[in-house]
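S.K.: Contents of protein.cif (mmCIF, C-alpha atoms) are below:
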data_target
#
loop_
_atom_site.group_PDB
_atom_site.id
_atom_site.type_symbol
_atom_site.label_atom_id
_atom_site.label_comp_id
_atom_site.auth_asym_id
_atom_site.auth_seq_id
_atom_site.Cartn_x
_atom_site.Cartn_y
_atom_site.Cartn_z
ATOM 1 C CA MET N 24 -23.290 -164.854 -68.394
ATOM 2 C CA THR N 25 -22.430 -162.069 -70.863
ATOM 3 C CA ARG N 26 -21.175 -164.564 -73.418
ATOM 4 C CA ILE N 27 -24.395 -166.594 -73.108
ATOM 5 C CA LEU N 28 -26.565 -163.493 -73.646
ATOM 6 C CA LYS N 29 -24.523 -162.463 -76.659
ATOM 7 C CA ARG N 30 -24.808 -165.957 -78.105
ATOM 8 C CA ARG N 31 -28.579 -165.960 -77.550
ATOM 9 C CA ARG N 32 -28.910 -162.590 -79.257
ATOM 10 C CA SER N 33 -26.817 -163.871 -82.141
ATOM 11 C CA VAL N 34 -29.012 -166.967 -82.537
ATOM 12 C CA PHE N 35 -32.138 -164.824 -82.364
ATOM 13 C CA ALA N 36 -30.753 -162.494 -85.051
ATOM 14 C CA ARG N 37 -29.999 -165.435 -87.322
ATOM 15 C CA VAL N 38 -33.487 -166.875 -86.871
ATOM 16 C CA VAL N 39 -35.109 -163.512 -87.643
ATOM 17 C CA GLY N 40 -32.896 -163.110 -90.690
ATOM 18 C CA ARG N 41 -33.825 -166.521 -92.062
ATOM 19 C CA LEU N 42 -37.519 -165.925 -91.395
ATOM 20 C CA ARG N 43 -37.342 -162.590 -93.219
ATOM 21 C CA SER N 44 -35.622 -164.209 -96.194
ATOM 22 C CA PHE N 45 -38.254 -166.970 -96.298
ATOM 23 C CA LEU N 46 -41.181 -164.510 -96.195
ATOM 24 C CA ILE N 47 -40.042 -161.632 -98.447
ATOM 25 C CA GLY N 48 -36.835 -162.789 -100.114
ATOM 26 C CA ASP N 49 -34.761 -159.941 -101.484
ATOM 27 C CA ARG N 50 -37.636 -157.491 -101.748
ATOM 28 C CA VAL N 51 -37.160 -154.045 -100.224
ATOM 29 C CA LEU N 52 -40.050 -152.982 -98.005
ATOM 30 C CA VAL N 53 -38.983 -149.321 -97.734
ATOM 31 C CA PRO N 54 -36.850 -147.722 -100.493
ATOM 32 C CA ARG N 55 -33.545 -146.571 -99.081
ATOM 33 C CA SER N 56 -34.096 -143.121 -100.591
ATOM 34 C CA PHE N 57 -37.039 -142.606 -98.214
ATOM 35 C CA ILE N 58 -34.796 -142.841 -95.158
ATOM 36 C CA ASP N 59 -31.621 -141.311 -96.631
ATOM 37 C CA PRO N 60 -31.316 -137.684 -95.425
ATOM 38 C CA MET N 61 -28.906 -136.811 -98.233
ATOM 39 C CA TRP N 62 -31.461 -137.933 -100.820
ATOM 40 C CA HIS N 63 -34.080 -135.664 -99.272
ATOM 41 C CA LEU N 64 -31.691 -132.697 -99.138
ATOM 42 C CA GLU N 65 -30.581 -133.154 -102.737
ATOM 43 C CA THR N 66 -34.221 -133.369 -103.800
ATOM 44 C CA ALA N 67 -35.070 -130.173 -101.934
ATOM 45 C CA ARG N 68 -32.044 -128.336 -103.342
ATOM 46 C CA ARG N 69 -33.424 -128.618 -106.871
ATOM 47 C CA HIS N 70 -36.004 -126.038 -105.872
ATOM 48 C CA ILE N 71 -33.470 -123.548 -104.445
ATOM 49 C CA VAL N 72 -32.600 -120.890 -107.001
ATOM 50 C CA GLY N 73 -30.622 -118.516 -104.792
ATOM 51 C CA GLY N 74 -30.317 -116.945 -101.387
ATOM 52 C CA GLU N 75 -28.100 -117.314 -98.357
ATOM 53 C CA LEU N 76 -28.134 -119.846 -95.554
ATOM 54 C CA VAL N 77 -26.508 -119.313 -92.162
ATOM 55 C CA VAL N 78 -25.358 -122.619 -90.674
ATOM 56 C CA ARG N 79 -23.206 -123.887 -87.840
ATOM 57 C CA PHE N 80 -20.892 -126.846 -88.272
ATOM 58 C CA ASP N 81 -20.356 -128.887 -85.116
ATOM 59 C CA ASN N 82 -16.578 -128.454 -85.375
ATOM 60 C CA VAL N 83 -16.483 -124.725 -86.229
ATOM 61 C CA ASP N 84 -17.402 -122.406 -83.380
ATOM 62 C CA ALA N 85 -19.089 -119.751 -85.516
ATOM 63 C CA ASP N 86 -22.165 -119.068 -87.608
ATOM 64 C CA ILE N 87 -21.291 -119.359 -91.290
ATOM 65 C CA ALA N 88 -23.159 -117.644 -94.130
ATOM 66 C CA LEU N 89 -23.182 -119.769 -97.291
ATOM 67 C CA ASP N 90 -24.823 -119.766 -100.676
ATOM 68 C CA ALA N 91 -27.935 -121.884 -100.100
ATOM 69 C CA ARG N 92 -27.193 -123.824 -103.312
ATOM 70 C CA SER N 93 -23.660 -124.839 -102.308
ATOM 71 C CA ASP N 94 -22.425 -128.290 -101.388
ATOM 72 C CA LEU N 95 -21.079 -126.742 -98.173
ATOM 73 C CA ALA N 96 -24.654 -125.949 -97.144
ATOM 74 C CA ILE N 97 -25.745 -129.510 -97.847
ATOM 75 C CA ARG N 98 -22.766 -130.851 -95.891
ATOM 76 C CA ALA N 99 -23.661 -128.706 -92.893
ATOM 77 C CA LEU N 100 -27.293 -129.844 -92.899
ATOM 78 C CA CYS N 101 -26.621 -133.526 -93.545
ATOM 79 C CA HIS N 102 -23.305 -134.318 -91.867
ATOM 80 C CA GLY N 103 -22.935 -131.404 -89.439
ATOM 81 C CA VAL N 104 -19.124 -131.334 -89.627
ATOM 82 C CA TYR N 105 -16.547 -129.927 -92.021
ATOM 83 C CA GLU N 106 -13.325 -131.821 -92.840
ATOM 84 C CA PRO N 107 -12.912 -133.151 -89.272
ATOM 85 C CA GLU N 108 -9.351 -134.484 -89.681
ATOM 86 C CA LEU N 109 -8.163 -131.263 -91.279
ATOM 87 C CA LEU N 110 -9.801 -128.948 -88.744
ATOM 88 C CA ALA N 111 -8.455 -131.037 -85.868
ATOM 89 C CA ALA N 112 -4.886 -130.768 -87.169
ATOM 90 C CA VAL N 113 -4.764 -127.119 -88.308
ATOM 91 C CA PRO N 114 -4.575 -125.475 -84.829
ATOM 92 C CA GLY N 115 -1.394 -127.387 -84.071
ATOM 93 C CA LEU N 116 0.156 -126.552 -87.437
ATOM 94 C CA VAL N 117 -0.292 -122.770 -87.663
ATOM 95 C CA GLY N 118 2.854 -122.097 -85.639
ATOM 96 C CA ALA N 119 3.768 -118.986 -83.680
ATOM 97 C CA GLY N 120 3.926 -116.502 -86.559
ATOM 98 C CA ASP N 121 1.635 -115.058 -89.205
ATOM 99 C CA ALA N 122 -0.360 -117.283 -91.540
ATOM 100 C CA ILE N 123 -1.814 -117.307 -95.053
ATOM 101 C CA ASN N 124 -5.073 -118.889 -96.235
ATOM 102 C CA VAL N 125 -5.109 -119.209 -100.032
ATOM 103 C CA GLY N 126 -8.555 -119.963 -101.439
ATOM 104 C CA ALA N 127 -10.224 -118.829 -98.226
ATOM 105 C CA ASN N 128 -13.750 -119.189 -99.675
ATOM 106 C CA VAL N 129 -16.232 -118.089 -96.963
ATOM 107 C CA GLY N 130 -13.847 -118.471 -94.023
ATOM 108 C CA LEU N 131 -14.303 -121.903 -92.433
ATOM 109 C CA LEU N 132 -10.580 -122.598 -92.255
ATOM 110 C CA ALA N 133 -9.702 -118.942 -91.702
ATOM 111 C CA ILE N 134 -11.804 -118.898 -88.534
ATOM 112 C CA VAL N 135 -10.160 -122.041 -87.170
ATOM 113 C CA MET N 136 -6.705 -120.718 -88.074
ATOM 114 C CA ARG N 137 -7.222 -117.268 -86.583
ATOM 115 C CA LYS N 138 -8.554 -118.618 -83.295
ATOM 116 C CA ALA N 139 -5.442 -120.777 -82.944
ATOM 117 C CA MET N 140 -2.946 -118.034 -83.809
ATOM 118 C CA ALA N 141 -0.849 -116.178 -81.261
ATOM 119 C CA THR N 142 -1.692 -112.656 -80.117
ATOM 120 C CA GLY N 143 -0.126 -109.994 -82.306
ATOM 121 C CA THR N 144 0.050 -112.151 -85.421
ATOM 122 C CA ARG N 145 -1.872 -111.567 -88.636
ATOM 123 C CA LEU N 146 -3.729 -113.741 -91.106
ATOM 124 C CA LEU N 147 -3.713 -113.007 -94.843
ATOM 125 C CA CYS N 148 -6.776 -114.396 -96.637
ATOM 126 C CA ILE N 149 -6.644 -114.610 -100.433
ATOM 127 C CA GLU N 150 -9.901 -115.344 -102.247
ATOM 128 C CA PRO N 151 -10.612 -114.505 -105.913
ATOM 129 C CA ILE N 152 -14.433 -114.805 -106.050
ATOM 130 C CA GLU N 153 -16.228 -111.572 -105.147
ATOM 131 C CA ASP N 154 -19.289 -113.212 -103.553
ATOM 132 C CA CYS N 155 -17.049 -115.339 -101.346
ATOM 133 C CA VAL N 156 -15.025 -112.303 -100.250
ATOM 134 C CA ALA N 157 -18.216 -110.569 -99.099
ATOM 135 C CA ARG N 158 -19.308 -113.606 -97.071
ATOM 136 C CA LEU N 159 -15.775 -114.178 -95.792
ATOM 137 C CA THR N 160 -15.692 -110.630 -94.398
ATOM 138 C CA ARG N 161 -19.073 -110.988 -92.716
ATOM 139 C CA ASN N 162 -18.291 -114.441 -91.312
ATOM 140 C CA LEU N 163 -15.017 -113.248 -89.769
ATOM 141 C CA ASP N 164 -16.745 -110.244 -88.213
ATOM 142 C CA ARG N 165 -19.604 -112.420 -86.945
ATOM 143 C CA ALA N 166 -17.049 -114.738 -85.328
ATOM 144 C CA GLY N 167 -15.416 -111.738 -83.635
ATOM 145 C CA ILE N 168 -12.028 -112.224 -85.300
ATOM 146 C CA GLY N 169 -12.018 -109.589 -88.019
ATOM 147 C CA GLN N 170 -9.156 -107.757 -86.323
ATOM 148 C CA GLY N 171 -5.726 -108.857 -87.490
ATOM 149 C CA VAL N 172 -7.057 -110.343 -90.739
ATOM 150 C CA VAL N 173 -6.105 -108.930 -94.148
ATOM 151 C CA ILE N 174 -8.359 -109.934 -97.060
ATOM 152 C CA ARG N 175 -7.204 -109.665 -100.659
ATOM 153 C CA GLN N 176 -9.520 -110.471 -103.545
ATOM 154 C CA ALA N 177 -7.092 -112.070 -105.979
ATOM 155 C CA PHE N 178 -5.945 -115.252 -107.679
ATOM 156 C CA ALA N 179 -2.583 -116.450 -106.323
ATOM 157 C CA THR N 180 -0.198 -117.260 -109.156
ATOM 158 C CA ASP N 181 3.386 -117.001 -110.393
ATOM 159 C CA ARG N 182 2.348 -115.279 -113.617
ATOM 160 C CA SER N 183 3.085 -111.657 -114.356
ATOM 161 C CA THR N 184 -0.354 -110.884 -115.828
ATOM 162 C CA GLU N 185 -2.562 -108.528 -113.808
ATOM 163 C CA THR N 186 -5.749 -110.567 -114.309
ATOM 164 C CA HIS N 187 -6.669 -114.209 -114.726
ATOM 165 C CA GLU N 188 -9.735 -115.976 -116.097
ATOM 166 C CA MET N 189 -11.346 -118.350 -113.642
ATOM 167 C CA TRP N 190 -14.157 -120.842 -114.009
ATOM 168 C CA THR N 191 -16.866 -121.264 -111.421
ATOM 169 C CA VAL N 192 -20.290 -122.855 -110.959
ATOM 170 C CA PRO N 193 -23.272 -120.658 -110.044
ATOM 171 C CA GLY N 194 -24.155 -121.314 -106.420
ATOM 172 C CA LYS N 195 -21.089 -123.504 -105.804
ATOM 173 C CA PRO N 196 -18.093 -121.168 -105.614
ATOM 174 C CA GLU N 197 -16.141 -123.714 -103.556
ATOM 175 C CA TYR N 198 -15.294 -125.446 -106.850
ATOM 176 C CA SER N 199 -13.926 -122.339 -108.598
ATOM 177 C CA SER N 200 -10.688 -122.996 -110.459
ATOM 178 C CA GLY N 201 -8.136 -121.247 -112.595
ATOM 179 C CA GLY N 202 -8.156 -124.263 -114.904
ATOM 180 C CA ARG N 203 -10.749 -126.600 -116.353
ATOM 181 C CA LEU N 204 -13.483 -127.634 -113.916
ATOM 182 C CA VAL N 205 -13.056 -131.391 -113.715
ATOM 183 C CA HIS N 206 -14.161 -132.080 -110.148
ATOM 184 C CA PRO N 207 -16.733 -134.903 -110.387
ATOM 185 C CA SER N 208 -19.231 -132.939 -108.285
ATOM 186 C CA VAL N 209 -19.508 -130.185 -110.899
ATOM 187 C CA ALA N 210 -17.999 -131.563 -114.103
ATOM 188 C CA ALA N 211 -21.438 -131.700 -115.742
ATOM 189 C CA ALA N 212 -22.750 -128.467 -114.202
ATOM 190 C CA GLU N 213 -23.035 -125.051 -115.837
ATOM 191 C CA HIS N 214 -19.662 -123.274 -115.930
ATOM 192 C CA ILE N 215 -19.213 -119.521 -116.133
ATOM 193 C CA SER N 216 -16.014 -117.535 -116.457
ATOM 194 C CA THR N 217 -14.964 -114.510 -114.463
ATOM 195 C CA VAL N 218 -11.867 -112.336 -114.673
ATOM 196 C CA VAL N 219 -10.112 -111.651 -111.367
ATOM 197 C CA PRO N 220 -6.970 -109.756 -110.301
ATOM 198 C CA THR N 221 -3.826 -111.765 -109.589
ATOM 199 C CA ILE N 222 -1.331 -111.696 -106.748
ATOM 200 C CA ARG N 223 2.076 -113.226 -106.063
ATOM 201 C CA LEU N 224 2.502 -114.497 -102.516
ATOM 202 C CA ASP N 225 6.066 -113.190 -102.258
ATOM 203 C CA GLU N 226 4.893 -109.684 -103.114
ATOM 204 C CA ALA N 227 1.874 -109.867 -100.792
ATOM 205 C CA VAL N 228 4.009 -111.016 -97.852
ATOM 206 C CA THR N 229 6.500 -108.198 -98.443
ATOM 207 C CA ALA N 230 3.763 -105.583 -98.857
ATOM 208 C CA GLU N 231 2.036 -106.619 -95.610
ATOM 209 C CA GLY N 232 5.257 -107.177 -93.661
ATOM 210 C CA LEU N 233 4.297 -110.732 -92.722
ATOM 211 C CA GLN N 234 6.431 -113.530 -91.320
ATOM 212 C CA PRO N 235 4.311 -116.626 -92.067
ATOM 213 C CA THR N 236 4.857 -119.911 -90.288
ATOM 214 C CA CYS N 237 1.935 -121.637 -92.033
ATOM 215 C CA ILE N 238 0.106 -121.585 -95.373
ATOM 216 C CA VAL N 239 -3.244 -123.363 -95.778
ATOM 217 C CA MET N 240 -4.380 -123.793 -99.382
ATOM 218 C CA ASP N 241 -7.408 -125.053 -101.273
ATOM 219 C CA CYS N 242 -7.105 -123.844 -104.871
ATOM 220 C CA GLU N 243 -8.717 -126.668 -106.876
ATOM 221 C CA GLY N 244 -5.437 -127.554 -108.562
ATOM 222 C CA GLY N 245 -3.877 -124.079 -108.489
ATOM 223 C CA GLU N 246 -1.604 -124.827 -105.534
ATOM 224 C CA PHE N 247 1.529 -125.370 -107.650
ATOM 225 C CA SER N 248 1.186 -122.074 -109.507
ATOM 226 C CA ALA N 249 0.515 -120.224 -106.239
ATOM 227 C CA LEU N 250 3.616 -121.661 -104.557
ATOM 228 C CA ARG N 251 5.821 -120.878 -107.544
ATOM 229 C CA GLY N 252 4.924 -117.276 -106.733
ATOM 230 C CA ALA N 253 6.234 -117.823 -103.192
ATOM 231 C CA THR N 254 9.757 -119.152 -103.777
ATOM 232 C CA LYS N 255 11.377 -116.407 -101.670
ATOM 233 C CA LEU N 256 9.011 -117.158 -98.814
ATOM 234 C CA LEU N 257 9.624 -120.906 -99.034
ATOM 235 C CA SER N 258 13.394 -120.436 -98.995
ATOM 236 C CA ALA N 259 13.534 -117.795 -96.262
ATOM 237 C CA SER N 260 10.814 -118.843 -93.813
ATOM 238 C CA GLN N 261 10.006 -122.449 -94.759
ATOM 239 C CA PRO N 262 6.412 -122.341 -93.477
ATOM 240 C CA THR N 263 4.371 -125.489 -92.995
ATOM 241 C CA ILE N 264 2.014 -125.918 -95.969
ATOM 242 C CA VAL N 265 -1.366 -127.637 -95.586
ATOM 243 C CA MET N 266 -3.109 -128.223 -98.900
ATOM 244 C CA GLU N 267 -5.220 -130.416 -101.131
ATOM 245 C CA PHE N 268 -3.153 -132.561 -103.491
ATOM 246 C CA ASP N 269 -4.997 -133.972 -106.506
ATOM 247 C CA PRO N 270 -3.179 -135.067 -109.696
ATOM 248 C CA ILE N 271 -6.337 -134.707 -111.814
ATOM 249 C CA LEU N 272 -6.971 -131.129 -110.665
ATOM 250 C CA LEU N 273 -3.300 -130.262 -111.148
ATOM 251 C CA GLU N 274 -3.428 -131.543 -114.724
ATOM 252 C CA ALA N 275 -6.561 -129.463 -115.372
ATOM 253 C CA ASN N 276 -4.449 -126.441 -114.411
ATOM 254 C CA GLY N 277 -1.624 -127.411 -116.765
ATOM 255 C CA GLU N 278 0.586 -128.946 -114.048
ATOM 256 C CA THR N 279 1.723 -132.441 -113.072
ATOM 257 C CA ALA N 280 1.913 -134.104 -109.684
ATOM 258 C CA ILE N 281 5.461 -135.307 -110.346
ATOM 259 C CA ALA N 282 6.692 -131.798 -111.132
ATOM 260 C CA PHE N 283 4.930 -130.409 -108.046
ATOM 261 C CA LEU N 284 6.529 -132.964 -105.725
ATOM 262 C CA ARG N 285 9.919 -132.287 -107.310
ATOM 263 C CA PHE N 286 9.433 -128.538 -106.771
ATOM 264 C CA LEU N 287 8.658 -129.091 -103.083
ATOM 265 C CA ALA N 288 11.639 -131.427 -102.667
ATOM 266 C CA ASP N 289 13.944 -128.873 -104.316
ATOM 267 C CA HIS N 290 12.860 -126.389 -101.635
ATOM 268 C CA GLY N 291 13.619 -128.837 -98.834
ATOM 269 C CA TYR N 292 10.068 -130.089 -98.258
ATOM 270 C CA ARG N 293 8.591 -133.517 -97.728
ATOM 271 C CA CYS N 294 4.897 -134.185 -98.300
ATOM 272 C CA LEU N 295 3.199 -136.066 -95.431
ATOM 273 C CA THR N 296 -0.336 -137.374 -95.863
ATOM 274 C CA LEU N 297 -2.831 -136.161 -93.287
ATOM 275 C CA ASP N 298 -4.380 -139.615 -92.935
ATOM 276 C CA ASP N 299 -1.043 -141.162 -91.971
ATOM 277 C CA PRO N 300 1.968 -138.859 -91.499
ATOM 278 C CA SER N 301 4.326 -141.836 -91.691
ATOM 279 C CA VAL N 302 3.373 -142.098 -95.377
ATOM 280 C CA GLU N 303 4.592 -139.565 -97.919
ATOM 281 C CA ALA N 304 2.484 -138.549 -100.904
ATOM 282 C CA ASP N 305 3.519 -139.747 -104.355
ATOM 283 C CA GLU N 306 2.278 -138.767 -107.813
ATOM 284 C CA SER N 307 -0.760 -141.054 -107.507
ATOM 285 C CA PHE N 308 -1.943 -139.766 -104.121
ATOM 286 C CA SER N 309 -5.092 -137.658 -103.815
ATOM 287 C CA GLY N 310 -6.081 -135.987 -100.551
ATOM 288 C CA THR N 311 -4.835 -133.560 -97.921
ATOM 289 C CA VAL N 312 -1.089 -133.293 -97.432
ATOM 290 C CA VAL N 313 1.170 -131.382 -95.075
ATOM 291 C CA ALA N 314 4.348 -130.212 -96.794
ATOM 292 C CA VAL N 315 6.996 -129.680 -94.146
ATOM 293 C CA PRO N 316 10.736 -128.926 -94.168
ATOM 294 C CA THR N 317 12.806 -132.052 -93.662
ATOM 295 C CA SER N 318 14.132 -130.789 -90.323
ATOM 296 C CA ARG N 319 10.578 -130.617 -88.875
ATOM 297 C CA VAL N 320 9.141 -133.888 -90.224
ATOM 298 C CA ALA N 321 9.205 -135.698 -86.877
ATOM 299 C CA VAL N 322 7.702 -132.782 -84.933
ATOM 300 C CA VAL N 323 4.904 -132.142 -87.438
ATOM 301 C CA GLY N 324 4.206 -135.858 -87.739
ATOM 302 C CA ASN N 325 3.627 -136.010 -83.985
ATOM 303 C CA VAL N 326 1.308 -132.995 -84.159
ATOM 304 C CA ILE N 327 -0.829 -134.718 -86.796
ATOM 305 C CA ARG N 328 -0.924 -137.977 -84.846
ATOM 306 C CA GLY N 329 -1.897 -136.131 -81.685
ATOM 307 C CA ALA N 330 -4.748 -134.366 -83.472
ATOM 308 C CA CYS N 331 -6.018 -137.648 -84.923
ATOM 309 C CA SER N 332 -5.818 -139.455 -81.589
ATOM 310 C CA GLY N 333 -7.632 -136.571 -79.911
ATOM 311 C CA ARG N 334 -10.588 -137.138 -82.247
ATOM 312 C CA SER N 335 -10.811 -140.874 -81.678
#
For the structure just supplied, provide its representation as structure tokens.
M.R.:
Amino acid sequence: MTRILKRRRSVFARVVGRLRSFLIGDRVLVPRSFIDPMWHLETARRHIVGGELVVRFDNVDADIALDARSDLAIRALCHGVYEPELLAAVPGLVGAGDAINVGANVGLLAIVMRKAMATGTRLLCIEPIEDCVARLTRNLDRAGIGQGVVIRQAFATDRSTETHEMWTVPGKPEYSSGGRLVHPSVAAAEHISTVVPTIRLDEAVTAEGLQPTCIVMDCEGGEFSALRGATKLLSASQPTIVMEFDPILLEANGETAIAFLRFLADHGYRCLTLDDPSVEADESFSGTVVAVPTSRVAVVGNVIRGACSGRS
């Protein structure tokens, strides 16, 4: 009976389709832009010149204050979720010790990390953009997890200079970079420079007395430079590293994907892709990776698979 009904529906659909083609051909009755929510939001955003928006992503249990002009705000309003695969995997990857969030922005990942961390541990958030640091502080307090979090306004690097010039886009600080801004979302937008203090992760960990088991990074291509400033930490503690890996952004920061992968391998790490932990990233890969010591590849791979299966 079910097969007959399905077949009848299929025949009916074909008849309607042919009748539509006969009557109106390829003409579009309603422009897709009229029913596309993203089109409407992008159109409305042209009129926003500043201000703050407090949103709630479906997969982040907290109210988040954002720049109303940012792509994060548009993502919250249109899609309602933030990096679902990443946020599903992070709680299982933070480990039992302290953690570091490099490029913390306004705190989306920091909130998820802190809520998954063990009692008595601490989270170090490093964010170079002043406006983001202010919102990060408020968002953590609003989420009730300000205790046990250390915030440092700085650019993570291996260089010995005390300051670094960064490039950012007004209203879209999530694309700020220590190199050329080449991300397709903002490549043609207005760029402004700002000078920020620098920090070496090895020195920050020593100063705060941390024992990190996890580092989560989103530095728009600055990940390699930041980890070169953490060689002692990588050798001594071998934390799991969750980060964005993009050859184009690395090149804009004066680095290469091949050299970055070689650096990680020299420190005993293998780079698993978040989409499929059985696949390792190569120099052409672009996306989220989990760099993990060789001895923990199987365990971490199972954690990622479990998080993905839990979402399906």
S.K.: Which residues of stretch 221-271 of chain N come within 12 Å of stretch 186-210 of chain N, and for each one, what is the closest pair of atoms and their distance in Å to one decimal, counting only C-alpha atoms, sorted by chain and residue number, as CSV?
M.R.:
residue,atom,partner,partner_atom,distance
N:Thr221,CA,N:Thr186,CA,5.2
N:Ile222,CA,N:Thr186,CA,8.8
N:Arg223,CA,N:Thr186,CA,11.7
N:Asp241,CA,N:Glu197,CA,9.1
N:Cys242,CA,N:Ser200,CA,6.7
N:Glu243,CA,N:Ser200,CA,5.5
N:Gly244,CA,N:Ser200,CA,7.2
N:Gly245,CA,N:Gly201,CA,6.6
N:Glu246,CA,N:Gly201,CA,10.3
N:Phe247,CA,N:Gly201,CA,11.6
N:Ser248,CA,N:Gly201,CA,9.9
N:Ala249,CA,N:Gly201,CA,10.8
N:Asp269,CA,N:His206,CA,10.0
N:Pro270,CA,N:Val205,CA,11.3
N:Ile271,CA,N:Val205,CA,7.7
S.K.: Identify all residues satisfying the PyMOL selection byres ((chain N and resi 288-296) around 12) in the given file; provide them as an MDAnalysis selection string.
M.R.: chainID N and resid 108:109 112 250:251 253:268 280:287 297:306 308:328
S.K.: Go ahead and save the picked residues with C-alpha atoms, as a PDB file, keeping the file's coordinate frame.
M.R.:
ATOM      1  CA  GLU N 108      -9.351-134.484 -89.681  1.00  0.00           C
ATOM      2  CA  LEU N 109      -8.163-131.263 -91.279  1.00  0.00           C
ATOM      3  CA  ALA N 112      -4.886-130.768 -87.169  1.00  0.00           C
ATOM      4  CA  LEU N 250       3.616-121.661-104.557  1.00  0.00           C
ATOM      5  CA  ARG N 251       5.821-120.878-107.544  1.00  0.00           C
ATOM      6  CA  ALA N 253       6.234-117.823-103.192  1.00  0.00           C
ATOM      7  CA  THR N 254       9.757-119.152-103.777  1.00  0.00           C
ATOM      8  CA  LYS N 255      11.377-116.407-101.670  1.00  0.00           C
ATOM      9  CA  LEU N 256       9.011-117.158 -98.814  1.00  0.00           C
ATOM     10  CA  LEU N 257       9.624-120.906 -99.034  1.00  0.00           C
ATOM     11  CA  SER N 258      13.394-120.436 -98.995  1.00  0.00           C
ATOM     12  CA  ALA N 259      13.534-117.795 -96.262  1.00  0.00           C
ATOM     13  CA  SER N 260      10.814-118.843 -93.813  1.00  0.00           C
ATOM     14  CA  GLN N 261      10.006-122.449 -94.759  1.00  0.00           C
ATOM     15  CA  PRO N 262       6.412-122.341 -93.477  1.00  0.00           C
ATOM     16  CA  THR N 263       4.371-125.489 -92.995  1.00  0.00           C
ATOM     17  CA  ILE N 264       2.014-125.918 -95.969  1.00  0.00           C
ATOM     18  CA  VAL N 265      -1.366-127.637 -95.586  1.00  0.00           C
ATOM     19  CA  MET N 266      -3.109-128.223 -98.900  1.00  0.00           C
ATOM     20  CA  GLU N 267      -5.220-130.416-101.131  1.00  0.00           C
ATOM     21  CA  PHE N 268      -3.153-132.561-103.491  1.00  0.00           C
ATOM     22  CA  ALA N 280       1.913-134.104-109.684  1.00  0.00           C
ATOM     23  CA  ILE N 281       5.461-135.307-110.346  1.00  0.00           C
ATOM     24  CA  ALA N 282       6.692-131.798-111.132  1.00  0.00           C
ATOM     25  CA  PHE N 283       4.930-130.409-108.046  1.00  0.00           C
ATOM     26  CA  LEU N 284       6.529-132.964-105.725  1.00  0.00           C
ATOM     27  CA  ARG N 285       9.919-132.287-107.310  1.00  0.00           C
ATOM     28  CA  PHE N 286       9.433-128.538-106.771  1.00  0.00           C
ATOM     29  CA  LEU N 287       8.658-129.091-103.083  1.00  0.00           C
ATOM     30  CA  LEU N 297      -2.831-136.161 -93.287  1.00  0.00           C
ATOM     31  CA  ASP N 298      -4.380-139.615 -92.935  1.00  0.00           C
ATOM     32  CA  ASP N 299      -1.043-141.162 -91.971  1.00  0.00           C
ATOM     33  CA  PRO N 300       1.968-138.859 -91.499  1.00  0.00           C
ATOM     34  CA  SER N 301       4.326-141.836 -91.691  1.00  0.00           C
ATOM     35  CA  VAL N 302       3.373-142.098 -95.377  1.00  0.00           C
ATOM     36  CA  GLU N 303       4.592-139.565 -97.919  1.00  0.00           C
ATOM     37  CA  ALA N 304       2.484-138.549-100.904  1.00  0.00           C
ATOM     38  CA  ASP N 305       3.519-139.747-104.355  1.00  0.00           C
ATOM     39  CA  GLU N 306       2.278-138.767-107.813  1.00  0.00           C
ATOM     40  CA  PHE N 308      -1.943-139.766-104.121  1.00  0.00           C
ATOM     41  CA  SER N 309      -5.092-137.658-103.815  1.00  0.00           C
ATOM     42  CA  GLY N 310      -6.081-135.987-100.551  1.00  0.00           C
ATOM     43  CA  THR N 311      -4.835-133.560 -97.921  1.00  0.00           C
ATOM     44  CA  VAL N 312      -1.089-133.293 -97.432  1.00  0.00           C
ATOM     45  CA  VAL N 313       1.170-131.382 -95.075  1.00  0.00           C
ATOM     46  CA  ALA N 314       4.348-130.212 -96.794  1.00  0.00           C
ATOM     47  CA  VAL N 315       6.996-129.680 -94.146  1.00  0.00           C
ATOM     48  CA  PRO N 316      10.736-128.926 -94.168  1.00  0.00           C
ATOM     49  CA  THR N 317      12.806-132.052 -93.662  1.00  0.00           C
ATOM     50  CA  SER N 318      14.132-130.789 -90.323  1.00  0.00           C
ATOM     51  CA  ARG N 319      10.578-130.617 -88.875  1.00  0.00           C
ATOM     52  CA  VAL N 320       9.141-133.888 -90.224  1.00  0.00           C
ATOM     53  CA  ALA N 321       9.205-135.698 -86.877  1.00  0.00           C
ATOM     54  CA  VAL N 322       7.702-132.782 -84.933  1.00  0.00           C
ATOM     55  CA  VAL N 323       4.904-132.142 -87.438  1.00  0.00           C
ATOM     56  CA  GLY N 324       4.206-135.858 -87.739  1.00  0.00           C
ATOM     57  CA  ASN N 325       3.627-136.010 -83.985  1.00  0.00           C
ATOM     58  CA  VAL N 326       1.308-132.995 -84.159  1.00  0.00           C
ATOM     59  CA  ILE N 327      -0.829-134.718 -86.796  1.00  0.00           C
ATOM     60  CA  ARG N 328      -0.924-137.977 -84.846  1.00  0.00           C
TER      61      ARG N 328
END
S.K.: Within 10 Å of (-1.6, -116.0, -93.1) (file coordinates; only C-alpha atoms), which protein or nucleic acid residues are there? I'd like them as a list in words.
M.R.: Val117, Gly120, Asp121, Ala122, Ile123, Asn124, Val125, Ala133, Met136, Arg137, Met140, Thr144, Arg145, Leu146, Leu147, Cys148, Ile149, Gly171, Val172, Val173, Ile174, Val228, Leu233, Gln234, Pro235, Thr236, Cys237, Ile238 and Val239 of chain N
S.K.: Using all atoms listed in the file, which residue out of N:Leu272, N:Leu95, N:Val113, N:Leu224 lies closest to N:Gly329?
M.R.: N:Val113
S.K.: How many Å separate atom CA of N:Ala166 from atom CA of N:Gly115?
M.R.: 20.2 Å
